[in-house]
file entry_24.txt (compact mmCIF, C-alpha atoms)
# COMPACT_ATOMS: atom_id res chain seq x y z
CA MET A 1 9.85 8.65 -22.96
CA ASN A 2 8.32 7.07 -19.86
CA LYS A 3 10.33 4.94 -17.46
CA SER A 4 8.83 1.58 -18.45
CA ASN A 5 9.82 2.12 -22.10
CA PHE A 6 13.27 3.22 -21.01
CA TYR A 7 13.74 0.03 -19.00
CA VAL A 8 12.81 -2.16 -21.97
CA ILE A 9 15.24 -0.35 -24.31
CA PHE A 10 17.97 -0.27 -21.65
CA LEU A 11 17.59 -3.96 -20.93
CA GLY A 12 17.69 -4.77 -24.62
CA VAL A 13 21.00 -2.92 -25.06
CA ILE A 14 22.52 -4.72 -22.10
CA LEU A 15 21.33 -8.10 -23.26
CA ILE A 16 22.71 -7.59 -26.77
CA PHE A 17 26.09 -6.10 -25.83
CA GLY A 18 26.59 -6.67 -22.12
CA ALA A 19 26.43 -10.47 -22.15
CA SER A 20 29.01 -10.80 -24.93
CA CYS A 21 31.39 -8.51 -23.05
CA SER A 22 31.09 -10.40 -19.76
CA PRO A 23 31.00 -14.14 -20.52
CA GLU A 24 31.88 -14.99 -16.94
CA ARG A 25 28.52 -13.48 -15.80
CA ASP A 26 26.29 -14.85 -18.55
CA GLU A 27 24.06 -16.52 -16.00
CA GLU A 28 22.94 -13.08 -14.76
CA TYR A 29 21.46 -12.22 -18.16
CA THR A 30 19.86 -15.55 -18.99
CA PHE A 31 16.17 -15.24 -19.75
CA ILE A 32 13.88 -18.10 -18.88
CA THR A 33 12.87 -20.26 -21.80
CA SER A 34 9.60 -21.61 -20.45
CA ASP A 35 6.79 -20.66 -18.12
CA ALA A 36 7.42 -23.95 -16.36
CA GLU A 37 10.58 -22.51 -14.80
CA LEU A 38 8.68 -19.52 -13.43
CA GLU A 39 5.91 -21.75 -12.14
CA LYS A 40 8.47 -23.94 -10.41
CA GLN A 41 10.04 -20.89 -8.76
CA ILE A 42 6.67 -19.63 -7.55
CA LEU A 43 5.81 -23.02 -6.09
CA LEU A 44 8.95 -22.83 -4.00
CA ALA A 45 7.42 -19.77 -2.34
CA THR A 46 3.75 -20.74 -2.12
CA ALA A 47 1.75 -23.95 -2.19
CA SER A 48 -0.21 -23.28 -5.37
CA LEU A 49 -0.63 -20.70 -8.14
CA ASP A 50 -4.21 -20.45 -6.96
CA ASP A 51 -2.93 -18.83 -3.75
CA LEU A 52 -2.00 -15.77 -5.82
CA LYS A 53 -5.14 -15.43 -7.94
CA LEU A 54 -7.56 -12.55 -7.49
CA PRO A 55 -11.26 -13.17 -8.26
CA HIS A 56 -12.10 -12.01 -11.77
CA ASN A 57 -15.50 -10.45 -12.51
CA THR A 58 -17.15 -12.23 -9.61
CA LEU A 59 -17.90 -11.57 -5.96
CA SER A 60 -17.35 -15.24 -5.24
CA GLY A 61 -14.03 -15.84 -3.54
CA ILE A 62 -13.53 -12.28 -2.28
CA PRO A 63 -12.91 -12.43 1.47
CA SER A 64 -15.72 -10.81 3.43
CA ASP A 65 -16.43 -9.94 7.02
CA PRO A 66 -18.80 -12.58 8.47
CA LYS A 67 -20.78 -9.69 9.98
CA ASN A 68 -21.03 -7.93 6.61
CA PRO A 69 -21.49 -10.42 3.74
CA ILE A 70 -20.79 -8.96 0.30
CA THR A 71 -23.85 -8.64 -1.93
CA PRO A 72 -24.25 -6.95 -5.33
CA GLU A 73 -26.73 -4.54 -3.78
CA LYS A 74 -24.30 -3.40 -1.07
CA VAL A 75 -21.54 -3.00 -3.61
CA ALA A 76 -23.72 -0.88 -5.90
CA LEU A 77 -24.62 1.40 -3.00
CA GLY A 78 -21.09 1.55 -1.60
CA LYS A 79 -19.59 2.42 -4.98
CA LEU A 80 -21.65 5.61 -5.04
CA LEU A 81 -21.27 6.52 -1.36
CA PHE A 82 -17.49 6.11 -1.54
CA HIS A 83 -17.34 8.81 -4.22
CA GLU A 84 -20.22 10.94 -2.95
CA THR A 85 -19.13 14.51 -2.25
CA GLY A 86 -22.76 15.17 -1.28
CA LEU A 87 -22.00 13.56 2.10
CA ALA A 88 -19.67 16.46 2.95
CA THR A 89 -22.28 18.51 4.78
CA VAL A 90 -20.51 19.06 8.12
CA PRO A 91 -17.27 20.86 7.14
CA LYS A 92 -15.26 22.97 9.57
CA GLN A 93 -15.56 25.92 7.20
CA PRO A 94 -18.41 26.80 4.79
CA GLU A 95 -16.28 26.55 1.64
CA GLY A 96 -15.73 22.87 2.39
CA MET A 97 -19.42 22.06 1.87
CA ASN A 98 -19.96 19.20 -0.63
CA SER A 99 -16.32 19.31 -1.70
CA TYR A 100 -14.77 16.01 -0.52
CA SER A 101 -15.43 12.29 -0.25
CA CYS A 102 -13.73 9.01 0.67
CA ALA A 103 -12.31 9.08 -2.85
CA SER A 104 -10.56 12.41 -2.22
CA CYS A 105 -7.64 10.45 -0.76
CA HIS A 106 -8.28 7.15 -2.55
CA HIS A 107 -9.13 7.83 -6.17
CA VAL A 108 -8.72 5.82 -9.33
CA LYS A 109 -6.34 8.27 -11.03
CA ALA A 110 -3.66 7.29 -8.50
CA GLY A 111 -4.51 3.61 -8.19
CA PHE A 112 -6.88 4.45 -5.31
CA GLN A 113 -4.13 6.29 -3.42
CA SER A 114 -4.08 10.09 -3.16
CA GLY A 115 -1.47 10.89 -5.82
CA MET A 116 0.48 13.07 -3.40
CA LYS A 117 2.55 12.78 -0.26
CA GLN A 118 -0.34 13.77 2.01
CA GLY A 119 -3.96 13.10 1.21
CA ILE A 120 -6.24 16.08 1.87
CA GLY A 121 -10.01 15.85 2.26
CA GLU A 122 -11.73 18.96 3.58
CA GLY A 123 -9.52 22.01 3.36
CA GLY A 124 -7.86 20.98 0.12
CA SER A 125 -7.93 22.81 -3.18
CA GLY A 126 -7.23 21.56 -6.67
CA PHE A 127 -6.61 18.16 -8.17
CA GLY A 128 -4.33 18.40 -11.20
CA ILE A 129 -4.29 15.28 -13.38
CA PHE A 130 -3.96 12.45 -10.83
CA GLY A 131 -4.31 14.31 -7.53
CA GLU A 132 -0.76 15.65 -7.54
CA ALA A 133 -1.79 19.32 -7.46
CA ARG A 134 -4.03 19.21 -4.39
CA LYS A 135 -2.93 21.73 -1.77
CA MET A 136 -4.20 23.34 1.39
CA ALA A 137 -6.98 25.83 0.68
CA SER A 138 -7.39 29.23 2.31
CA TYR A 139 -8.24 27.78 5.73
CA TYR A 140 -6.79 30.11 8.36
CA ASP A 141 -6.21 27.24 10.81
CA ILE A 142 -4.44 24.04 9.73
CA THR A 143 -6.16 22.12 12.52
CA MET A 144 -9.34 22.52 10.47
CA VAL A 145 -7.77 20.83 7.45
CA ASP A 146 -8.43 17.10 7.08
CA VAL A 147 -4.90 16.07 6.18
CA GLN A 148 -3.25 12.68 6.56
CA PRO A 149 -0.24 12.34 8.93
CA LEU A 150 1.13 9.48 6.78
CA ARG A 151 0.91 8.71 3.09
CA SER A 152 -2.60 7.47 2.23
CA PRO A 153 -2.63 3.71 1.57
CA THR A 154 -4.65 2.36 -1.34
CA ILE A 155 -7.99 0.57 -0.96
CA LEU A 156 -6.89 -1.79 -3.74
CA ASN A 157 -6.83 -5.45 -2.62
CA THR A 158 -7.80 -4.52 0.95
CA ALA A 159 -10.07 -7.57 1.05
CA TYR A 160 -6.84 -9.44 1.79
CA GLN A 161 -6.08 -7.43 4.94
CA ASP A 162 -7.86 -8.00 8.24
CA VAL A 163 -6.60 -4.75 9.80
CA MET A 164 -6.27 -1.32 8.24
CA LEU A 165 -3.93 1.71 8.29
CA TRP A 166 -0.15 1.62 8.43
CA ASN A 167 -0.32 0.76 12.14
CA GLY A 168 -3.19 -1.70 11.77
CA GLN A 169 -5.30 0.01 14.42
CA PHE A 170 -8.64 -0.73 12.75
CA GLY A 171 -10.00 -4.26 13.01
CA ALA A 172 -11.32 -6.29 15.93
CA THR A 173 -10.33 -9.80 14.87
CA LYS A 174 -7.35 -11.97 13.92
CA THR A 175 -4.25 -9.71 13.85
CA ASN A 176 -5.74 -7.37 16.46
CA GLN A 177 -6.81 -9.99 18.95
CA GLY A 178 -5.22 -9.02 22.24
CA THR A 179 -5.14 -5.27 21.53
CA GLU A 180 -8.47 -4.54 23.21
CA ALA A 181 -6.81 -2.38 25.88
CA GLN A 182 -5.87 0.09 23.14
CA TRP A 183 -9.42 0.55 21.81
CA THR A 184 -9.58 3.85 23.64
CA THR A 185 -13.00 5.27 24.49
CA ASP A 186 -13.98 8.43 22.62
CA THR A 187 -11.35 7.86 19.91
CA PRO A 188 -11.76 6.29 16.46
CA LYS A 189 -10.13 3.12 17.84
CA GLU A 190 -13.21 2.55 19.99
CA THR A 191 -15.00 1.54 16.77
CA ASN A 192 -13.20 -1.81 17.06
CA SER A 193 -15.63 -2.61 19.87
CA LEU A 194 -18.31 -3.20 17.23
CA GLY A 195 -16.49 -6.41 16.32
CA PHE A 196 -15.92 -5.87 12.61
CA GLU A 197 -12.79 -6.58 10.58
CA GLY A 198 -10.50 -3.78 9.46
CA VAL A 199 -12.14 -2.67 6.21
CA GLU A 200 -15.54 -2.29 7.88
CA THR A 201 -14.12 -0.67 11.01
CA GLN A 202 -12.18 1.91 9.03
CA ALA A 203 -15.23 2.78 6.92
CA ILE A 204 -17.34 3.34 10.03
CA ALA A 205 -14.71 5.29 11.97
CA GLY A 206 -13.55 7.17 8.89
CA SER A 207 -16.99 8.63 8.31
CA ASP A 208 -16.62 10.68 11.48
CA VAL A 209 -12.88 11.30 11.20
CA HIS A 210 -13.30 12.67 7.69
CA ARG A 211 -16.48 14.64 8.42
CA LEU A 212 -18.90 12.70 6.22
CA ASN A 213 -22.54 12.97 7.20
CA PHE A 214 -25.02 10.17 6.46
CA ASP A 215 -28.09 12.26 7.10
CA PRO A 216 -31.12 9.89 7.12
CA GLU A 217 -33.49 12.57 5.84
CA MET A 218 -31.22 13.47 2.94
CA LEU A 219 -30.72 9.82 1.98
CA GLN A 220 -34.42 9.03 2.12
CA ASN A 221 -35.34 12.13 0.14
CA ASN A 222 -33.03 11.08 -2.67
CA THR A 223 -35.06 8.38 -4.41
CA THR A 224 -31.98 6.70 -5.90
CA TYR A 225 -30.22 6.36 -2.57
CA LYS A 226 -33.40 5.30 -0.78
CA GLY A 227 -33.93 2.51 -3.29
CA LEU A 228 -30.31 1.37 -3.03
CA PHE A 229 -30.39 1.31 0.79
CA ASP A 230 -33.68 -0.62 0.66
CA ALA A 231 -32.19 -3.19 -1.71
CA ALA A 232 -28.93 -3.52 0.22
CA PHE A 233 -30.39 -3.80 3.73
CA PRO A 234 -33.99 -5.04 3.46
CA GLU A 235 -33.72 -6.86 6.80
CA ILE A 236 -32.86 -3.67 8.72
CA PRO A 237 -35.77 -1.61 10.13
CA GLU A 238 -36.30 1.61 8.19
CA THR A 239 -35.69 3.63 11.34
CA GLU A 240 -32.07 2.33 11.35
CA ARG A 241 -31.42 1.65 7.66
CA TYR A 242 -30.41 5.07 6.28
CA THR A 243 -27.56 5.71 8.70
CA LYS A 244 -23.79 5.96 8.97
CA LEU A 245 -23.43 2.35 10.10
CA TYR A 246 -25.13 0.82 7.07
CA GLY A 247 -23.74 3.36 4.66
CA ALA A 248 -20.25 2.52 5.92
CA LEU A 249 -20.90 -1.23 5.66
CA ALA A 250 -21.91 -0.73 2.03
CA ILE A 251 -18.73 1.27 1.41
CA ALA A 252 -16.68 -1.55 2.97
CA ALA A 253 -18.39 -4.16 0.79
CA TYR A 254 -17.54 -2.08 -2.26
CA GLU A 255 -13.93 -1.56 -1.17
CA ARG A 256 -13.46 -5.32 -0.85
CA THR A 257 -14.38 -5.77 -4.51
CA VAL A 258 -11.72 -3.33 -5.72
CA VAL A 259 -9.10 -5.87 -6.80
CA ALA A 260 -6.44 -5.69 -9.51
CA SER A 261 -7.63 -8.85 -11.24
CA GLU A 262 -6.86 -7.65 -14.78
CA ALA A 263 -3.15 -7.10 -14.21
CA PRO A 264 -0.87 -9.06 -16.62
CA PHE A 265 0.46 -11.26 -13.80
CA GLN A 266 -3.10 -12.24 -12.97
CA GLU A 267 -3.74 -13.02 -16.64
CA TRP A 268 -0.58 -15.14 -16.65
CA LEU A 269 -1.79 -17.02 -13.57
CA GLN A 270 -5.01 -17.73 -15.48
CA GLY A 271 -3.01 -19.35 -18.29
CA ASP A 272 -2.14 -16.56 -20.73
CA SER A 273 1.58 -17.16 -21.39
CA ASN A 274 1.86 -13.95 -23.43
CA ALA A 275 0.48 -11.68 -20.72
CA MET A 276 4.00 -10.90 -19.47
CA ASN A 277 7.07 -10.30 -21.60
CA GLU A 278 10.46 -11.94 -21.07
CA THR A 279 11.84 -9.14 -18.91
CA GLU A 280 8.81 -9.21 -16.64
CA LYS A 281 9.04 -12.97 -16.26
CA VAL A 282 12.67 -12.68 -15.19
CA GLY A 283 11.52 -10.03 -12.73
CA ALA A 284 8.89 -12.43 -11.42
CA MET A 285 11.59 -15.07 -10.96
CA LEU A 286 13.53 -12.56 -8.87
CA PHE A 287 10.40 -11.54 -6.95
CA PHE A 288 9.73 -15.10 -5.84
CA GLY A 289 13.42 -16.01 -5.59
CA LYS A 290 16.58 -14.00 -5.09
CA GLY A 291 14.78 -10.74 -4.33
CA LYS A 292 12.86 -12.39 -1.46
CA CYS A 293 9.94 -10.04 -2.08
CA TYR A 294 7.34 -12.73 -1.52
CA SER A 295 8.58 -13.37 2.01
CA CYS A 296 6.70 -10.18 2.99
CA HIS A 297 4.46 -9.36 0.01
CA SER A 298 2.36 -12.51 0.01
CA GLY A 299 -1.10 -13.76 -0.87
CA PRO A 300 -3.37 -12.65 -3.73
CA GLY A 301 -2.91 -8.97 -2.86
CA LEU A 302 0.87 -9.30 -2.47
CA ASN A 303 0.53 -7.40 0.79
CA GLY A 304 0.89 -9.82 3.68
CA MET A 305 -0.32 -9.11 7.19
CA ASP A 306 3.00 -8.56 8.96
CA PHE A 307 4.54 -5.33 10.22
CA HIS A 308 8.18 -4.51 9.54
CA ALA A 309 10.64 -1.80 10.62
CA LEU A 310 12.61 -0.85 7.52
CA GLY A 311 13.97 2.47 8.77
CA MET A 312 12.12 4.59 6.22
CA ASN A 313 11.65 8.31 6.80
CA ASP A 314 8.42 9.81 8.09
CA LEU A 315 6.60 12.66 6.35
CA SER A 316 8.93 15.61 6.18
CA GLY A 317 9.71 18.66 4.07
CA SER A 318 8.61 22.26 3.69
CA ASP A 319 5.50 21.17 1.80
CA ILE A 320 4.11 19.11 4.69
CA ILE A 321 0.99 20.33 6.49
CA GLY A 322 1.49 19.80 10.21
CA ALA A 323 3.84 17.06 11.41
CA PRO A 324 3.49 13.39 12.39
CA ASN A 325 3.32 12.83 16.14
CA GLU A 326 5.35 10.25 18.05
CA ALA A 327 2.61 7.62 17.80
CA ASP A 328 2.51 8.04 14.01
CA LYS A 329 6.29 7.70 13.84
CA LYS A 330 6.25 4.50 15.89
CA GLY A 331 3.76 2.80 13.58
CA ARG A 332 2.44 -0.42 15.04
CA GLY A 333 4.07 0.35 18.38
CA GLY A 334 2.25 3.66 18.53
CA PHE A 335 -0.99 1.67 18.56
CA THR A 336 -0.13 -1.43 20.60
CA LYS A 337 2.17 0.43 23.06
CA ASN A 338 4.45 -2.60 22.84
CA PRO A 339 8.07 -1.44 22.39
CA GLU A 340 8.71 -4.55 20.31
CA ASP A 341 6.36 -3.08 17.69
CA ASP A 342 8.01 0.34 17.50
CA TYR A 343 8.72 1.67 13.98
CA LYS A 344 6.97 -1.26 12.32
CA PHE A 345 4.53 -0.54 9.48
CA LYS A 346 2.08 -2.77 7.64
CA THR A 347 3.18 -4.37 4.38
CA PRO A 348 1.35 -2.66 1.47
CA THR A 349 0.07 -4.21 -1.74
CA LEU A 350 2.37 -3.93 -4.77
CA TYR A 351 -0.32 -3.62 -7.41
CA ASN A 352 -0.80 -0.45 -9.49
CA LEU A 353 2.29 1.45 -8.40
CA ARG A 354 3.31 2.62 -11.86
CA GLY A 355 3.10 6.37 -12.30
CA LEU A 356 2.98 7.21 -8.60
CA GLN A 357 5.36 9.79 -7.16
CA PHE A 358 5.56 8.84 -3.49
CA PHE A 359 6.30 5.54 -1.77
CA GLY A 360 6.81 4.42 1.81
CA HIS A 361 4.67 5.42 4.79
CA GLY A 362 6.33 8.85 4.72
CA GLY A 363 6.45 9.27 0.96
CA SER A 364 10.25 9.47 1.07
CA PHE A 365 10.80 7.55 -2.18
CA THR A 366 9.78 8.72 -5.63
CA SER A 367 9.77 5.47 -7.64
CA VAL A 368 9.50 1.71 -7.39
CA GLN A 369 13.12 1.47 -8.47
CA GLU A 370 14.23 3.70 -5.57
CA VAL A 371 12.45 1.45 -3.08
CA LEU A 372 14.06 -1.66 -4.57
CA GLU A 373 17.49 -0.06 -4.48
CA TYR A 374 16.91 0.90 -0.84
CA LYS A 375 15.93 -2.64 0.09
CA ASN A 376 18.81 -4.05 -1.92
CA ILE A 377 21.41 -2.00 -0.01
CA ALA A 378 19.49 -2.29 3.29
CA ILE A 379 20.87 0.79 5.06
CA ARG A 380 18.19 2.64 7.04
CA GLU A 381 17.55 6.25 6.03
CA ASN A 382 15.81 7.30 9.25
CA ASN A 383 18.28 7.83 12.10
CA GLU A 384 15.40 8.15 14.57
CA VAL A 385 14.84 4.41 14.14
CA PRO A 386 17.36 2.57 16.35
CA GLN A 387 19.34 -0.07 14.47
CA ASP A 388 18.21 -2.74 16.93
CA LYS A 389 14.59 -2.02 15.96
CA VAL A 390 15.17 -2.62 12.25
CA SER A 391 13.76 -5.89 10.93
CA THR A 392 16.18 -8.77 10.50
CA ALA A 393 14.55 -9.27 7.10
CA PHE A 394 15.99 -5.91 6.05
CA ALA A 395 19.31 -7.25 4.79
CA PRO A 396 21.32 -6.76 1.58
CA LEU A 397 19.92 -8.77 -1.32
CA GLY A 398 22.90 -8.72 -3.68
CA LEU A 399 20.83 -7.77 -6.71
CA SER A 400 22.68 -6.34 -9.70
CA GLN A 401 21.50 -3.12 -11.33
CA LEU A 402 20.09 -5.18 -14.18
CA GLU A 403 18.18 -7.39 -11.79
CA ILE A 404 16.75 -4.33 -10.06
CA LEU A 405 15.51 -3.09 -13.45
CA GLN A 406 14.01 -6.49 -14.24
CA LEU A 407 12.28 -6.60 -10.87
CA THR A 408 11.06 -3.03 -11.38
CA SER A 409 9.60 -4.04 -14.73
CA PHE A 410 7.65 -6.89 -13.13
CA VAL A 411 6.24 -4.69 -10.35
CA GLU A 412 5.42 -1.67 -12.50
CA ASN A 413 4.04 -3.50 -15.53
CA SER A 414 2.94 -7.02 -14.62
CA LEU A 415 1.22 -5.86 -11.43
CA TYR A 416 -0.56 -2.96 -13.12
CA ASP A 417 -4.30 -3.33 -13.77
CA PRO A 418 -5.09 -0.84 -16.58
CA ASN A 419 -8.86 -1.00 -16.13
CA LEU A 420 -9.59 0.22 -12.61
CA ASP A 421 -12.16 2.65 -14.03
CA ARG A 422 -14.62 -0.24 -13.82
CA TYR A 423 -14.82 0.50 -10.10
CA VAL A 424 -15.85 4.15 -10.57
CA PRO A 425 -19.42 5.41 -11.12
CA GLU A 426 -20.21 7.50 -14.19
CA SER A 427 -22.10 10.02 -12.04
CA LEU A 428 -23.54 10.48 -8.57
CA PRO A 429 -27.21 10.58 -7.51
CA SER A 430 -26.52 13.99 -5.94
CA GLY A 431 -25.21 15.35 -9.24
CA TYR A 432 -22.04 16.63 -7.57
CA CYS A 433 -18.53 16.33 -9.00
CA PHE A 434 -16.13 13.77 -7.58
CA PRO A 435 -13.68 12.66 -6.17
CA VAL A 436 -13.29 16.28 -5.01
CA ALA A 437 -15.50 19.23 -5.79
CA ASP A 438 -13.93 22.45 -4.58
CA SER A 439 -13.89 25.19 -7.20
CA GLN A 440 -10.31 24.62 -8.36
CA SER A 441 -10.81 20.85 -8.55
CA ARG A 442 -13.94 21.28 -10.66
CA THR A 443 -11.86 23.32 -13.08
CA ASP A 444 -9.05 20.74 -13.09
CA LEU A 445 -11.50 17.88 -13.63
CA GLY A 446 -13.59 19.73 -16.20
CA CYS A 447 -16.66 19.16 -14.04
CA ASN A 448 -19.40 21.69 -13.43
call {"tool": "encode", "arguments": {"input": "entry_24.txt", "output": "structure tokens"}}
result
Amino acid sequence: MNKSNFYVIFLGVILIFGASCSPERDEEYTFITSDAELEKQILLATASLDDLKLPHNTLSGIPSDPKNPITPEKVALGKLLFHETGLATVPKQPEGMNSYSCASCHHVKAGFQSGMKQGIGEGGSGFGIFGEARKMASYYDITMVDVQPLRSPTILNTAYQDVMLWNGQFGATKTNQGTEAQWTTDTPKETNSLGFEGVETQAIAGSDVHRLNFDPEMLQNNTTYKGLFDAAFPEIPETERYTKLYGALAIAAYERTVVASEAPFQEWLQGDSNAMNETEKVGAMLFFGKGKCYSCHSGPGLNGMDFHALGMNDLSGSDIIGAPNEADKKGRGGFTKNPEDDYKFKTPTLYNLRGLQFFGHGGSFTSVQEVLEYKNIAIRENNEVPQDKVSTAFAPLGLSQLEILQLTSFVENSLYDPNLDRYVPESLPSGYCFPVADSQSRTDLGCN
């Protein structure tokens, strides 16, 4: 029996027997009787229901970088390049050739996260069912392995973030205005100097960081890719068109379109009263009310653009490849060098978390419920984070166990888009397997 079914049965038992046994606490178990009550609660948190709606089957309304307008042609190209293991032509070791892609750490099986505590690009082996079985391959030197020092964030709903990564180091505008002194020459952060927002900057910088090669000759010799580049960037001279910059801009345009617009909560916002069940609606009431979730997880992506120190653990354990450095541990402060930012991490989206095994920037939680219980008690788990650095918003919520289960039901079920496969290509122009294509992964994926 999966957890979501257990919650429904458990809640039903409590509601049938628990309320009659505790008449003095009946108000805790009262279900809402109309959507109007939920709408009223939401409007106490935000100006309009429209502020929470994700664009549905349209590019219109998706936030774009003014320097990289979203077009159908860019999205079509980026969708393929994002998954293209054929770009992996500059690995540190020969066995890494054509075996990894952007999607290696951000694939649909895990809601566009990695499915494991550490995402591994080159130097990884195996996939399992949703990425959970990927491990370090037979590389003799771990410095050659492309492994993430923090848990890989999702690309889902990133159109609603102007900076990227847990520390927000990618992005030249808005949130990162004033951080120019940290755009260090000869580091990935220098890419901010191009003036793009976070999604675009990360796509450009990430191509080098993750050893992806946009070889102009290869792209022009592939008639499919040549045609897609020509359609996406007709105004760019051919001598510049088939390059990393424009390939990355196409990837960024695609990433911006990956939104969880078919989640039940989104259907409810569009007027379908039956999209969420009673338990989920109570959970939504808590989300926008007593649980105070919306104070941080705001906007259509329920991510927000603030950074908070919640005292969560960093990556740790015997299964970890390498170890996070001090800058990684300090989060936003590790980038800005401002002590006031130490141990703060960017607020992630809450969509499509059901079925994942790791949560928090260090993957120290194993379920949505665990995270909610942690926030409800509000006692930091990481003793390296000084108490005076912990966010004042990290305070006990006073939620009952039932309310935590109701809130869990809303997050896991109402914020789960079951049709993310619409963002994945059926095949690649190169003919290679994806999202990873090492020998063990091809076996796991049933791909030759």
call {"tool": "residues_around", "arguments": {"input": "entry_24.txt", "residues": "stretch 95-103 of chain A", "least_positions_apart": "4", "cutoff": "9 Å", "atoms": "only C-alpha atoms", "output": "MDAnalysis selection string"}}
result
chainID A and resid 81:91 107:108 112:114 120:124 203 206:207 210 212 432:439 441
call {"tool": "residues_around", "arguments": {"input": "entry_24.txt", "residues": "stretch 288-290 of chain A", "least_positions_apart": "5", "cutoff": "9 Å", "atoms": "all atoms listed in the file", "output": "MDAnalysis selection string"}}
result
chainID A and resid 38 41:45 283 295 397:399
call {"tool": "write_last_selection", "arguments": {"input": "entry_24.txt", "atoms": "C-alpha atoms", "output": "PDB file, keeping the file's coordinate frame"}}
result
ATOM      1  CA  LEU A  38       8.680 -19.520 -13.430  1.00  0.00           C
ATOM      2  CA  GLN A  41      10.040 -20.890  -8.760  1.00  0.00           C
ATOM      3  CA  ILE A  42       6.670 -19.630  -7.550  1.00  0.00           C
ATOM      4  CA  LEU A  43       5.810 -23.020  -6.090  1.00  0.00           C
ATOM      5  CA  LEU A  44       8.950 -22.830  -4.000  1.00  0.00           C
ATOM      6  CA  ALA A  45       7.420 -19.770  -2.340  1.00  0.00           C
ATOM      7  CA  GLY A 283      11.520 -10.030 -12.730  1.00  0.00           C
ATOM      8  CA  SER A 295       8.580 -13.370   2.010  1.00  0.00           C
ATOM      9  CA  LEU A 397      19.920  -8.770  -1.320  1.00  0.00           C
ATOM     10  CA  GLY A 398      22.900  -8.720  -3.680  1.00  0.00           C
ATOM     11  CA  LEU A 399      20.830  -7.770  -6.710  1.00  0.00           C
TER      12      LEU A 399
END
call {"tool": "residues_around", "arguments": {"input": "entry_24.txt", "residues": "stretch 161-168 of chain A", "least_positions_apart": "5", "cutoff": "7 Å", "atoms": "all atoms listed in the file", "output": "VMD selection string"}}
result
chain A and resid 174 to 175 197 to 199 202 305 331 to 332 335 345 to 346
call {"tool": "residues_around", "arguments": {"input": "entry_24.txt", "residues": "A:Ala323", "least_positions_apart": "4", "cutoff": "12 Å", "atoms": "all atoms listed in the file", "output": "MDAnalysis selection string"}}
result
chainID A and resid 118 142:143 147:150 314:319 327:329 362
call {"tool": "write_last_selection", "arguments": {"input": "entry_24.txt", "atoms": "C-alpha atoms", "output": "mmCIF file, in the frame of the given file"}}
result
data_model
loop_
_atom_site.group_PDB
_atom_site.id
_atom_site.type_symbol
_atom_site.label_atom_id
_atom_site.label_comp_id
_atom_site.auth_asym_id
_atom_site.auth_seq_id
_atom_site.Cartn_x
_atom_site.Cartn_y
_atom_site.Cartn_z
ATOM 1 C CA GLN A 118 -0.340 13.770 2.010
ATOM 2 C CA ILE A 142 -4.440 24.040 9.730
ATOM 3 C CA THR A 143 -6.160 22.120 12.520
ATOM 4 C CA VAL A 147 -4.900 16.070 6.180
ATOM 5 C CA GLN A 148 -3.250 12.680 6.560
ATOM 6 C CA PRO A 149 -0.240 12.340 8.930
ATOM 7 C CA LEU A 150 1.130 9.480 6.780
ATOM 8 C CA ASP A 314 8.420 9.810 8.090
ATOM 9 C CA LEU A 315 6.600 12.660 6.350
ATOM 10 C CA SER A 316 8.930 15.610 6.180
ATOM 11 C CA GLY A 317 9.710 18.660 4.070
ATOM 12 C CA SER A 318 8.610 22.260 3.690
ATOM 13 C CA ASP A 319 5.500 21.170 1.800
ATOM 14 C CA ALA A 327 2.610 7.620 17.800
ATOM 15 C CA ASP A 328 2.510 8.040 14.010
ATOM 16 C CA LYS A 329 6.290 7.700 13.840
ATOM 17 C CA GLY A 362 6.330 8.850 4.720
#
call {"tool": "residues_around", "arguments": {"input": "entry_24.txt", "residues": "A:Gly355", "least_positions_apart": "4", "cutoff": "12 Å", "atoms": "all atoms listed in the file", "output": "number ranges by chain"}}
result
A: 2-4, 109-111, 113, 115-116, 129-132, 351, 359, 366-369, 411-413, 416, 418
call {"tool": "closest_residue", "arguments": {"input": "entry_24.txt", "among": "A:Gly119, A:Gly271, A:Gly78, A:Pro216", "to": "A:Ala248", "atoms": "only C-alpha atoms"}}
result
A:Gly78
call {"tool": "atom_distance", "arguments": {"input": "entry_24.txt", "atom1": "atom CA of A:Pro94", "atom2": "atom CA of A:Leu445"}}
result
21.6 Å
call {"tool": "closest_residue", "arguments": {"input": "entry_24.txt", "among": "A:Leu269, A:Val259, A:Leu77, A:Leu194", "to": "A:Leu156", "atoms": "all atoms listed in the file"}}
result
A:Val259
call {"tool": "atom_distance", "arguments": {"input": "entry_24.txt", "atom1": "atom CA of A:Phe365", "atom2": "atom CA of A:Val390"}}
result
18.2 Å
call {"tool": "atom_distance", "arguments": {"input": "entry_24.txt", "atom1": "atom CA of A:Gly304", "atom2": "atom CA of A:Lys344"}}
result
13.6 Å
call {"tool": "axis_aligned_box", "arguments": {"input": "entry_24.txt", "around": "stretch 125-133 of chain A", "padding_each_side": "6 Å", "output": "AutoDock Vina command-line options"}}
result
--center_x -4.3 --center_y 17.6 --center_z -8.3 --size_x 19.2 --size_y 22.4 --size_z 22.2
call {"tool": "residues_near_point", "arguments": {"input": "entry_24.txt", "point": "(-30.9, -8.9, 3.9)", "cutoff": "10 Å", "atoms": "only C-alpha atoms", "output": "MDAnalysis selection string"}}
result
chainID A and resid 69 71 73:74 230:236
call {"tool": "decode", "arguments": {"input": "entry_24.txt", "residues": "stretch 265-271 of chain A", "atoms": "C-alpha atoms", "output": "short mmCIF file (atom, residue, chain, number, x, y, z; two decimals), in the first residue's frame"}}
result
data_model
loop_
_atom_site.label_atom_id
_atom_site.label_comp_id
_atom_site.auth_asym_id
_atom_site.auth_seq_id
_atom_site.Cartn_x
_atom_site.Cartn_y
_atom_site.Cartn_z
CA PHE A 265 -4.71 22.13 -7.52
CA GLN A 266 -4.22 23.83 -10.87
CA GLU A 267 -7.39 22.17 -12.17
CA TRP A 268 -9.21 23.41 -9.07
CA LEU A 269 -7.95 26.94 -9.69
CA GLN A 270 -9.39 26.65 -13.20
CA GLY A 271 -12.82 25.86 -11.75
#
